[in-house]
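Scroll down for the structure; my scribbles are underneath it.
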Amino acid sequence: MEYLSVALSKGRLAEITFDRFQKMGVTFVEYSPKSRKLIFMNEKYNIKVVLVKSGDVTTYVEQGACDIGIVGKDNLLEKKADIYEIMDLGFGKCKFVVAALKKRIPVEHRTIRVATKYPNVAQDYFYKKGEGVEIIYLSGSVELAPIMGLSDVIVDIVETGTTLRENGLQVIEDICPISARLIANRVSFKAKSSRIQKLMKGLQTK
């Protein structure tokens, strides 16, 4: 039987997913959170798990290198990949927000400068509000942008808000909730439908 290949983002989502697999009776004996291996096999159920960067999960699935993937909704909104989003897994919960300095000066009569790791999400959100913005892409530590005068606000993901508070920022608008999603390659979803459906049922009950 051909392997069912699963793309997982490294880190917390992978740990939770492997735990759910184990509760389903699908074990990967070589896996541990500290392992440097990137591919793990379960020979009994012919499942192959591939660990990749979170931003690459949709690419592996869209291009058919993996049949299915588990990734945060944030990546789906940003990448806009041509895949099936088939299930909300209910973990990895956080939210997209707009945040700014607590003592910020209101922006009037000019374009709002928005720093973010998610330019598409930010652009779409402000476009729907009818507000003109200048998107400033940063690859990390976006909290610094308002502090250093690079931007007026940021668009980012928050879970507890601790990092924002410690840097003198506050949430001024909620954009949308985020959680882990099960996604599938369009061809694989048809060709391996029964196996994917079985996996979905197992994940739902854990």
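Order determines the names: the first chain of the structure tokens is A, the second B, and so forth; residues in each chain are numbered 1 upward, and ligands are numbered 1 upward as they are shown.
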- Where in chain A does DSSP assign strand (DSSP E or B), given as JSON, numbers by chain? {"A": [4, 5, 6, 7, 8, 9, 39, 40, 41, 42, 47, 48, 49, 50, 51, 52, 68, 69, 70, 71, 72, 84, 85, 86, 87, 88, 94, 95, 96, 97, 98, 99, 100, 101, 112, 113, 114, 115, 116, 133, 134, 135, 136, 137, 153, 154, 155, 156, 157, 158, 169, 170, 171, 172, 173, 174, 175, 176, 177, 178, 180, 181, 182, 183, 184]}
- Would you mind listing what lies within 7 Å of stretch 151-166 of chain A as a ChimeraX atom specification, with only C-alpha atoms counted and same-chain residues fewer than 2 positions away left out? /A:94-100,112-116,122,142-143,145-146,149,168-170
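All residues of protein, DNA or RNA that reach within 12 Å of A:Phe189, judged by only C-alpha atoms and not counting those fewer than 4 positions away in the chain, are Leu4, Ser5, Val61, Glu62, Gly64, Cys66, Asp67, Ile68, Gly69, Ile83, Tyr84, Glu85, Ile86, Leu182, Ile183, Ala184, Asn185, Ser193, Ser194, Arg195, Ile196, Gln197, Lys198, Leu199 and Met200 of chain A.
With only C-alpha atoms as the basis for measurement, A:Leu203 is the residue among A:Phe126, A:Leu203, A:Asn42, A:Lys79 that approaches A:Asp19 most closely.
Among the residues of stretch 60-135 of chain A, backbone DSSP assigns alpha helix (DSSP H) to A:Tyr60, A:Val61, A:Glu62, A:Lys73, A:Asp74, A:Asn75, A:Leu76, A:Leu77, A:Glu78, A:Lys79, A:Pro119, A:Asn120, A:Val121, A:Ala122, A:Gln123, A:Asp124, A:Tyr125, A:Phe126, A:Tyr127, A:Lys128, A:Lys129.
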Those same residues, written as a compact mmCIF listing (two decimals), in the first residue's frame with C-alpha atoms?
# COMPACT_ATOMS: atom_id res chain seq x y z
CA TYR A 60 4.31 20.65 0.12
CA VAL A 61 0.60 19.84 0.04
CA GLU A 62 -0.34 22.07 -2.90
CA LYS A 73 -5.03 28.99 9.81
CA ASP A 74 -2.66 31.96 9.71
CA ASN A 75 -0.61 30.28 6.99
CA LEU A 76 -3.71 29.43 4.97
CA LEU A 77 -4.90 33.03 5.06
CA GLU A 78 -1.48 34.35 4.08
CA LYS A 79 -0.53 31.79 1.41
CA PRO A 119 1.37 41.21 4.38
CA ASN A 120 -1.57 39.57 2.58
CA VAL A 121 -3.62 39.23 5.75
CA ALA A 122 -2.92 42.84 6.72
CA GLN A 123 -3.63 44.21 3.24
CA ASP A 124 -6.92 42.30 2.97
CA TYR A 125 -8.09 43.40 6.40
CA PHE A 126 -7.50 47.11 5.91
CA TYR A 127 -8.79 46.99 2.32
CA LYS A 128 -12.12 45.61 3.56
CA LYS A 129 -12.25 48.48 6.05
